[in-house]
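What follows is a set of notes on a single structure, which appears directly below.
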Amino acid sequence: MEFTRRQLLKFSAAIAAASAIGLDLPLPKGIEAAVQADKWVKGVCRYCGAGCGVYVGLKGGKVVTVKGDKDNWNRGLLCIKGNFLAPILYASDRAKYPLLRKGDEFVRISWKEAMDLMVSKFSESIKKNGADSVAFYGSGQAYTEESYFISKVFKGGLGTNNIDGNPRLCMASAAVGYVTTFGKDEPMGAYDDMYHADCFFLIGSNMSEAHPVIFQIVNERKTKGKDVKLIVADPRKTLVAKKADLHMTFVPGTDLAILNAMAHVIIKENLSNKNFVGKHTVFKKMVNPGPPPKIDKMTWDDYVKFLDEYTPEMAEKVSGCPKEDIIKAARWFAQSKATSSYWCMGLNQRTRGVWANNLVHNLHLLTGQICRPGATTFSLTGQPNACGGVRDGGLLSHLLPYGRLIVNEKDREEMENFWGVPKGRINPNPGPTAVEMFRAFNKSDIKCLWVACTNPGQSLPNLDIYRKGMESKDTFLVVSEAYHPSRTSELADLVLPAALWVEKDGTYGQSERRYQYVEKAVEPVAEARPDLQVMIEFANKLVKSLGREAEAKKLFTYKNTEAVWDEIRAASKGTAYDFTGMTRARLKKAHGMQWPVPTEDHPGTVRRYTAKYGDALVKKFDPQADDISFYGAKADGNRATIWLRPHVGPAEPADAQYPFVLTTGRQLEHWHTGTMTYNVPELKRAAPYGFLEINPKDAQKIGVKTRDKIRITSRRGSLIMEAKVVDVPREGLVYASFHDPNKLINVLTIDAFDALSKQPEFKICAVKLEKA
Amino acid sequence: MPVSSAIVEIDEGAGEAVLNSLSSMHDITVYGMKENKIVIVIDADSLGVIEQSTKKIMSMEGVTGVFPVYSSVDE
Amino acid sequence: MTKIIIGLIMLVAIPAVSMAVVKKHPAVPSDQACEECHERQAQVWQDSKHGLMGVKCVVCHGDTEKIFIARPASERCVGCHAVQVAGTAEGHKIKQKNCWACHDGHSLKLESAK
């Protein structure tokens with residue numbers, strides 16, 4: 001312990017004073033705290049779609065700590081997971097070398113052998129069975145550069161749309177919800193709206209555990225603001241529900257009736273903004289689901305008549321939510337100076353997820369609570385780059401980059417020209433979506449599948465049948481993973497070790513249209529490689545093996561991630577996303593930038609679709625508009641759609657045989673399939689394993705108390721879990737997280753999916769319970 | 001170069017405000033607080049400066065007294 | 001000179017000054033919740049800002065096995081409070097490296113506000 005004479009004097013002085021008042025001053029280890037990190041590198045948290053800015057602290061070439069970026073939207077704050085990011089890089093189960101399956105074992109091979117094998121398998125299959133016999137399943141955790149590149153390879157290079165990603169399981173309903181209502185995907189608001197809202201409407205979101213730093217802002221606004229109302233609609237009494245001024249609880253899957261009833265009240269009590277509706281909306285109804293869906297134009301009077309049956313009494317009968325609560329919520333929503341809605345998987349992971357999204361948007365359009373500070377309809381994202389890489393970048397099987405669609409001939413031609421591939425190369429039929437892709441893999445219609453940066457062997461619904469399919473010897477499964485074994489890599493034929501988080505650089509785009517650059521801070525462990533590097537080598541060798549070496553060299557060769565990013569910016573030019581001005585150099589300096597950023601001197605766009613609040617594209621796409629323009633919906637005259645969507649319940653509600661509803665979701669300490677968080681000692685200690693949450697009254701009926709074993713069975717599988725008896729889920733509802741790799745809750749869930757978004761209904765299936 | 005410690009006695013609830021004011025004085029280090037008493041050390045160029053700092057603290061909003069505990073002159 | 005000596009004597013003679021020694025947590029099942037034994041602290045914590053934001057026991061105290069810290073140093077707070085620890089935050093330009101000198105560990109309240 002080193003002290004200067006002066007420091008010793010100062011401390012002696014302090015001790016003397018402290019002892020005089022009975023204050024305990026611990027002897028310091030050194031007056032100046034030891035410097036923890038000698039270098040800080042700017043980046044983004046690896047976990048949720050909140051997208052907190054971080055600085056990664058390095059010492060001796062290792063990441064030793066992380067701190068929040070005080071100049072980013074999160075104001076230096078992190079949640080418990082972000083706080084402990086450093087250990088995930090150095091976990092003992094990091095995948096270190098390429099591994100080839102030999103029977104039940106994995107054998108280490110070289111990268112050259114791995115690449116040669118992978119290329120030859122894919123190439124053979126394409127030559128023998130056509131390009132649609134191979135597929136790629138990607139992730140909302142991959143960098144935008146990776147997702148964009150591999151999508152270009154498959155769609156533009158191979159001419160197959162057999163490429164989809166895990167956002168199909170989490171955000172597809174929100175994406176299709178925005179597109180069907182506003183013409184283009186992604187929220188128009190920003191986190192900044194939370195500082196101005198007077199009424200928060202949270203539905204299907206457990207913000208306090210799933211987006212804690214965002215919850216921090218909401219809670220602060222509620223505490224500091226004057227008469228700020230918080231409405232939480234959730235069948236569980238979560239922490240955020242406990243903080244609410246109004247907690248609306250209801251039978252899972254009945255929220256469409258509630259949302260329509262709120263609209264009913266708003267209209268009947270003359271609380272709607274007729275002027276706004278008349279100026280900025282059209283009405284539509286799907287009269288035949290098809291496919292393709294047949295949609296009729298409707299009028300205000302049609303809408304009012306349609307809502308006649310959705311009285312608060314009817315909604316109470318259907319949902320169990322007291323009609324007084326519905327009426328109160330509607331009044332607060334409409335009459336507050338500025339109302340913002342937030343939702344997440346509770347609305348998206350449903351067979352009527354798109355409709356639920358439409359109905360929330362309806363409320364904002366009906367009341368004009370939109371496109372100004374504090375008033376917005378905001379979808380919270382689950383993954384760090386579902387927005388940036390997969391939705392915006394166009395990885396999903398029905399998309400092309402930046403709002404373009406596979407089915408649109410003009411969009412296909414535009415991308416064929418942009419990429420420099422022959423006309424007609426892009427397949428005009430949308431490819432299979434996640435569940436459909438794995439069904440095709442089960443049947444060996446898809447013979448070679450590459451899964452990167454995601455864990456479908458734990459996260460797919462109705463899991464057992466897809467695990468069996470992945471295990472099959474008739475197909476070839478390649479898994480790029482940072483950890484081995486994961487519940488997917490354990491089923492693979494070939495495992496490729498992947499660089500993780502700050503072991504590679506790239507761009508992440510989070511919930512509020514903020515794109516952020518993650519700098520490379522350290523070298524990958526052992527032989528792990530960045531996915532982009534592997535993809536580039538794979539694409540070149542594969543396309544060459546198909547006889548098109550020149551094309552490979554021209555299209556699939558990039559010096560570095562910045563070269564890919566420059567092409568990505570160019571692909572966004574002229575679209576509703578336009579972030580041509582968001583150069584890598586600017587991103588390195590900035591703490592993220594919100595698109596659109598059409599030019600290099602443009603500061604970024606906090607609020608879209610409003611000229612008054614700074615969206616430069618309003619003037620470009622709708623020069624006649626004086627302020628608000630939903631310019632993504634050109635075909636509807638730059639107007640948003642109010643949808644006439646009837647209430648329809650879930651695919652598998654509780655019944656006599658399976659009398660409980662199982663909802664799956666997140667908990668604070670862990671993230672997704674736990675491959676990273678279970679490697680952090682503190683997080684593992686705080687939440688060592690998955691458990692089943694059960695209401696005390698239900699627990700009493702079954703005869704279980706906390707820590708007792710309980711058998712939970714659905715039509716698809718059975719699992720034994722430890723019970724946690726707590727007054728959180730409403731009676732008739734049980735809840736479990738999907739994080740624990742040893743408690744595969746998804747063997748119980750149902751793979752029924754939304755007809756429009758193809759997103760599965762993880763949130764509701766029917767189960768029965770017995771004491772085990 | 002003298003070093004002097006003192007106890008600053010404050011009004012109930014004035015902790016945050018006084019700590020903020022003290023933090024703007026560059027020759028003061030706050031070492032701790034218990035109930036309504038804050039332990040500080042004044043690290044100054046001369047005894048005159050210490051006297052000035054003490055007077056300044058006495059005049060702060062929320063301060064009810066400044067009690068020197070220990071002084072030394074570093075020779 | 002004499003005053004310095006007096007000061008040093010006081011430094012040595014003070015009885016109840018706590019040492020920053022690393023204590024070991026008694027062996028407990030790795031899935032036992034902290035609040036089962038530490039109910040009082042847990043209740044105070046629950047009502048605090050940290051309780052609201054989910055800054056659980058492990059954040060400050062580590063797990064009970066590999067990393068256990070009875071009384072954490074400010075390095076542990078850097079994740080969210082780097083500017084406060086550095087003493088450069090607006091309204092918190094205090095060079096005190098020991099957060100607990102002013103803030104109660106569980107309620108986080110300033111000592112004078114207790």
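FYI, nothing fancy with the structure tokens labels: chains A, B, ... in order, residues from 1 per chain, ligands from 1 as they appear.
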
Can you check which residues of chain A have any atom within 8 Å of chain B? Use only C-alpha atoms and format it as an MDAnalysis selection string. chainID A and resid 6 9:10 13:14 16:18 21:23 25

Please save all heavy atoms of the selected residues as a PDB file, in the first residue's frame.
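Full text of result26.pdb as output:
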```
ATOM      1  N   ARG A   6       1.568  13.244   1.997  1.00  0.00           N
ATOM      2  CA  ARG A   6       0.397  14.117   2.005  1.00  0.00           C
ATOM      3  C   ARG A   6      -0.899  13.308   2.124  1.00  0.00           C
ATOM      4  O   ARG A   6      -1.800  13.647   2.868  1.00  0.00           O
ATOM      5  CB  ARG A   6       0.366  14.929   0.708  1.00  0.00           C
ATOM      6  CG  ARG A   6      -0.735  15.957   0.735  1.00  0.00           C
ATOM      7  CD  ARG A   6      -0.370  17.173  -0.086  1.00  0.00           C
ATOM      8  NE  ARG A   6      -1.122  18.297   0.404  1.00  0.00           N
ATOM      9  CZ  ARG A   6      -0.770  19.042   1.444  1.00  0.00           C
ATOM     10  NH1 ARG A   6       0.350  18.791   2.082  1.00  0.00           N
ATOM     11  NH2 ARG A   6      -1.525  20.031   1.853  1.00  0.00           N
ATOM     12  N   LEU A   9      -1.364  12.158   5.580  1.00  0.00           N
ATOM     13  CA  LEU A   9      -1.849  13.244   6.417  1.00  0.00           C
ATOM     14  C   LEU A   9      -3.336  13.454   6.230  1.00  0.00           C
ATOM     15  O   LEU A   9      -4.100  13.607   7.177  1.00  0.00           O
ATOM     16  CB  LEU A   9      -1.124  14.543   6.031  1.00  0.00           C
ATOM     17  CG  LEU A   9       0.206  14.782   6.742  1.00  0.00           C
ATOM     18  CD1 LEU A   9       0.902  15.970   6.126  1.00  0.00           C
ATOM     19  CD2 LEU A   9      -0.021  14.990   8.233  1.00  0.00           C
ATOM     20  N   LYS A  10      -3.745  13.484   4.981  1.00  0.00           N
ATOM     21  CA  LYS A  10      -5.158  13.725   4.683  1.00  0.00           C
ATOM     22  C   LYS A  10      -6.017  12.634   5.298  1.00  0.00           C
ATOM     23  O   LYS A  10      -7.063  12.888   5.889  1.00  0.00           O
ATOM     24  CB  LYS A  10      -5.384  13.781   3.175  1.00  0.00           C
ATOM     25  CG  LYS A  10      -4.984  15.113   2.553  1.00  0.00           C
ATOM     26  CD  LYS A  10      -5.234  15.143   1.054  1.00  0.00           C
ATOM     27  CE  LYS A  10      -6.706  15.250   0.727  1.00  0.00           C
ATOM     28  NZ  LYS A  10      -6.889  15.517  -0.713  1.00  0.00           N
ATOM     29  N   ALA A  13      -6.248  12.862   8.977  1.00  0.00           N
ATOM     30  CA  ALA A  13      -7.166  13.942   9.340  1.00  0.00           C
ATOM     31  C   ALA A  13      -8.606  13.453   9.239  1.00  0.00           C
ATOM     32  O   ALA A  13      -9.439  13.695  10.115  1.00  0.00           O
ATOM     33  CB  ALA A  13      -6.940  15.137   8.422  1.00  0.00           C
ATOM     34  N   ALA A  14      -8.875  12.758   8.159  1.00  0.00           N
ATOM     35  CA  ALA A  14     -10.249  12.287   7.941  1.00  0.00           C
ATOM     36  C   ALA A  14     -10.665  11.296   9.017  1.00  0.00           C
ATOM     37  O   ALA A  14     -11.772  11.356   9.557  1.00  0.00           O
ATOM     38  CB  ALA A  14     -10.361  11.657   6.553  1.00  0.00           C
ATOM     39  N   ALA A  16      -9.591  11.035  11.981  1.00  0.00           N
ATOM     40  CA  ALA A  16      -9.801  11.726  13.263  1.00  0.00           C
ATOM     41  C   ALA A  16     -11.209  12.306  13.312  1.00  0.00           C
ATOM     42  O   ALA A  16     -11.938  12.148  14.301  1.00  0.00           O
ATOM     43  CB  ALA A  16      -8.747  12.815  13.421  1.00  0.00           C
ATOM     44  N   ALA A  17     -11.576  12.968  12.243  1.00  0.00           N
ATOM     45  CA  ALA A  17     -12.910  13.576  12.220  1.00  0.00           C
ATOM     46  C   ALA A  17     -13.979  12.502  12.227  1.00  0.00           C
ATOM     47  O   ALA A  17     -14.978  12.584  12.937  1.00  0.00           O
ATOM     48  CB  ALA A  17     -13.048  14.462  10.981  1.00  0.00           C
ATOM     49  N   ALA A  18     -13.751  11.462  11.441  1.00  0.00           N
ATOM     50  CA  ALA A  18     -14.759  10.405  11.324  1.00  0.00           C
ATOM     51  C   ALA A  18     -14.991   9.734  12.670  1.00  0.00           C
ATOM     52  O   ALA A  18     -16.128   9.461  13.057  1.00  0.00           O
ATOM     53  CB  ALA A  18     -14.313   9.388  10.285  1.00  0.00           C
ATOM     54  N   ILE A  21     -17.333  11.385  15.100  1.00  0.00           N
ATOM     55  CA  ILE A  21     -18.788  11.283  14.961  1.00  0.00           C
ATOM     56  C   ILE A  21     -19.240   9.836  14.828  1.00  0.00           C
ATOM     57  O   ILE A  21     -20.389   9.552  14.486  1.00  0.00           O
ATOM     58  CB  ILE A  21     -19.307  12.114  13.760  1.00  0.00           C
ATOM     59  CG1 ILE A  21     -18.713  11.594  12.437  1.00  0.00           C
ATOM     60  CG2 ILE A  21     -19.014  13.595  13.965  1.00  0.00           C
ATOM     61  CD1 ILE A  21     -19.399  12.174  11.212  1.00  0.00           C
ATOM     62  N   GLY A  22     -18.306   8.903  15.055  1.00  0.00           N
ATOM     63  CA  GLY A  22     -18.697   7.489  15.014  1.00  0.00           C
ATOM     64  C   GLY A  22     -18.914   6.963  13.615  1.00  0.00           C
ATOM     65  O   GLY A  22     -19.694   6.034  13.389  1.00  0.00           O
ATOM     66  N   LEU A  23     -18.238   7.552  12.670  1.00  0.00           N
ATOM     67  CA  LEU A  23     -18.374   7.083  11.286  1.00  0.00           C
ATOM     68  C   LEU A  23     -17.250   6.115  10.982  1.00  0.00           C
ATOM     69  O   LEU A  23     -16.094   6.374  11.232  1.00  0.00           O
ATOM     70  CB  LEU A  23     -18.318   8.280  10.328  1.00  0.00           C
ATOM     71  CG  LEU A  23     -18.214   7.952   8.832  1.00  0.00           C
ATOM     72  CD1 LEU A  23     -19.478   7.255   8.348  1.00  0.00           C
ATOM     73  CD2 LEU A  23     -17.982   9.212   8.023  1.00  0.00           C
ATOM     74  N   LEU A  25     -14.784   4.559   8.652  1.00  0.00           N
ATOM     75  CA  LEU A  25     -14.131   4.733   7.355  1.00  0.00           C
ATOM     76  C   LEU A  25     -13.227   3.531   7.143  1.00  0.00           C
ATOM     77  O   LEU A  25     -12.278   3.350   7.888  1.00  0.00           O
ATOM     78  CB  LEU A  25     -13.280   5.994   7.336  1.00  0.00           C
ATOM     79  CG  LEU A  25     -13.951   7.355   7.127  1.00  0.00           C
ATOM     80  CD1 LEU A  25     -12.894   8.430   6.931  1.00  0.00           C
ATOM     81  CD2 LEU A  25     -14.885   7.327   5.922  1.00  0.00           C
TER      82      LEU A  25
END
```

I'd like the neighbourhood of Glu61 in chain B as a PyMOL selection string, where a residue qualifies if any of its atoms comes within 10 Å (using only C-alpha atoms), though same-chain residues fewer than 4 positions away should be ignored. chain B and resi 10-11+14+17-18+21+57

Kindly save the residues from that selection, with N, CA, C and O atoms included, as a PDB file, in the first residue's frame.
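Everything below was put into selection.pdb:
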```
ATOM      1  N   ILE B  10     -25.125  19.740   9.208  1.00  0.00           N
ATOM      2  CA  ILE B  10     -26.101  20.267   8.250  1.00  0.00           C
ATOM      3  C   ILE B  10     -27.528  20.066   8.731  1.00  0.00           C
ATOM      4  O   ILE B  10     -27.794  19.275   9.630  1.00  0.00           O
ATOM      5  N   ASP B  11     -28.435  20.777   8.084  1.00  0.00           N
ATOM      6  CA  ASP B  11     -29.857  20.626   8.354  1.00  0.00           C
ATOM      7  C   ASP B  11     -30.343  19.258   7.882  1.00  0.00           C
ATOM      8  O   ASP B  11     -29.784  18.690   6.951  1.00  0.00           O
ATOM      9  N   ALA B  14     -30.629  18.297   4.030  1.00  0.00           N
ATOM     10  CA  ALA B  14     -29.852  19.196   3.178  1.00  0.00           C
ATOM     11  C   ALA B  14     -28.638  18.502   2.585  1.00  0.00           C
ATOM     12  O   ALA B  14     -27.814  19.128   1.927  1.00  0.00           O
ATOM     13  N   ALA B  17     -27.843  18.800  -1.275  1.00  0.00           N
ATOM     14  CA  ALA B  17     -27.497  20.164  -1.687  1.00  0.00           C
ATOM     15  C   ALA B  17     -26.120  20.562  -1.183  1.00  0.00           C
ATOM     16  O   ALA B  17     -25.310  21.126  -1.934  1.00  0.00           O
ATOM     17  N   VAL B  18     -25.835  20.261   0.080  1.00  0.00           N
ATOM     18  CA  VAL B  18     -24.533  20.657   0.641  1.00  0.00           C
ATOM     19  C   VAL B  18     -23.411  19.881  -0.042  1.00  0.00           C
ATOM     20  O   VAL B  18     -22.367  20.441  -0.375  1.00  0.00           O
ATOM     21  N   SER B  21     -22.655  21.468  -3.271  1.00  0.00           N
ATOM     22  CA  SER B  21     -21.890  22.717  -3.107  1.00  0.00           C
ATOM     23  C   SER B  21     -20.444  22.417  -2.755  1.00  0.00           C
ATOM     24  O   SER B  21     -19.521  23.026  -3.291  1.00  0.00           O
ATOM     25  N   ILE B  57     -17.872  27.641   3.598  1.00  0.00           N
ATOM     26  CA  ILE B  57     -18.763  26.520   3.915  1.00  0.00           C
ATOM     27  C   ILE B  57     -19.805  26.954   4.947  1.00  0.00           C
ATOM     28  O   ILE B  57     -20.994  26.614   4.833  1.00  0.00           O
TER      29      ILE B  57
END
```

Which of range 25-111 of chain C DSSP labels strand (DSSP E or B), written as a PyMOL selection string: chain C and resi 62+68+89+92+103+110

Those selected residues, please, written with N, CA, C and O atoms and delivered as a PDB file, in the first residue's frame.
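Okay, this is what ended up in part_30.pdb:
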```
ATOM      1  N   GLY C  62     -21.337 -10.243  -5.924  1.00  0.00           N
ATOM      2  CA  GLY C  62     -20.851 -11.409  -6.642  1.00  0.00           C
ATOM      3  C   GLY C  62     -21.703 -12.633  -6.331  1.00  0.00           C
ATOM      4  O   GLY C  62     -22.754 -12.530  -5.712  1.00  0.00           O
ATOM      5  N   PHE C  68     -16.856 -13.422  -4.223  1.00  0.00           N
ATOM      6  CA  PHE C  68     -17.716 -12.927  -3.159  1.00  0.00           C
ATOM      7  C   PHE C  68     -17.121 -11.669  -2.553  1.00  0.00           C
ATOM      8  O   PHE C  68     -15.958 -11.645  -2.156  1.00  0.00           O
ATOM      9  N   ALA C  89     -19.397  13.509 -12.588  1.00  0.00           N
ATOM     10  CA  ALA C  89     -20.819  13.634 -12.947  1.00  0.00           C
ATOM     11  C   ALA C  89     -21.359  14.989 -12.525  1.00  0.00           C
ATOM     12  O   ALA C  89     -20.990  15.510 -11.476  1.00  0.00           O
ATOM     13  N   HIS C  92     -22.353  15.691  -8.944  1.00  0.00           N
ATOM     14  CA  HIS C  92     -21.735  14.665  -8.095  1.00  0.00           C
ATOM     15  C   HIS C  92     -20.225  14.706  -8.292  1.00  0.00           C
ATOM     16  O   HIS C  92     -19.580  13.697  -8.516  1.00  0.00           O
ATOM     17  N   HIS C 103     -23.706   6.846   0.888  1.00  0.00           N
ATOM     18  CA  HIS C 103     -24.921   6.130   0.498  1.00  0.00           C
ATOM     19  C   HIS C 103     -25.065   4.848   1.290  1.00  0.00           C
ATOM     20  O   HIS C 103     -24.132   4.057   1.356  1.00  0.00           O
ATOM     21  N   LEU C 110     -28.919   8.776   1.085  1.00  0.00           N
ATOM     22  CA  LEU C 110     -27.842   9.495   1.750  1.00  0.00           C
ATOM     23  C   LEU C 110     -28.017   9.320   3.243  1.00  0.00           C
ATOM     24  O   LEU C 110     -29.118   9.372   3.752  1.00  0.00           O
TER      25      LEU C 110
END
```

I'd like the contact shell of range 746-758 of chain A - 6 Å cut-off, only C-alpha atoms, skipping same-chain residues fewer than 6 positions apart - returned as a compact mmCIF listing (two decimals) with C-alpha atoms, in the first residue's frame.
```txt
# COMPACT_ATOMS: atom_id res chain seq x y z
CA ALA A 172 -42.34 -10.71 -37.83
CA SER A 173 -45.79 -9.74 -36.57
CA THR A 351 -51.50 -16.47 -34.35
CA ARG A 352 -53.21 -13.05 -34.58
CA PRO A 461 -41.82 -24.15 -30.92
CA ASN A 462 -43.03 -27.77 -30.80
CA LEU A 463 -39.36 -28.47 -30.46
CA ASP A 464 -39.10 -32.28 -30.45
CA SER A 714 -49.16 -30.33 -23.48
CA ARG A 716 -46.81 -32.19 -27.79
CA GLY A 717 -44.62 -33.08 -24.84
```

With 9 Å as the limit and counting only C-alpha atoms, what residues in chain A lie close to chain C? Please list them as a VMD selection string. chain A and resid 8 to 9 11 to 13 15 to 16 19 23 to 29 31 to 36 54 65 to 70 75 to 80 82 to 84 208 to 209 212 to 213 215 to 216 239 668 to 669 681 to 689

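The coordinates place CA of Gln510 in chain A at 9.0 Å from CA of Gly382 in chain A.
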
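From CA of Asp45 in chain B back to CA of Gln7 in chain A, the distance works out to 15.1 Å.
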
Every residue of chain B that DSSP places in helix (DSSP H, G or I), as a count of residues only: 21
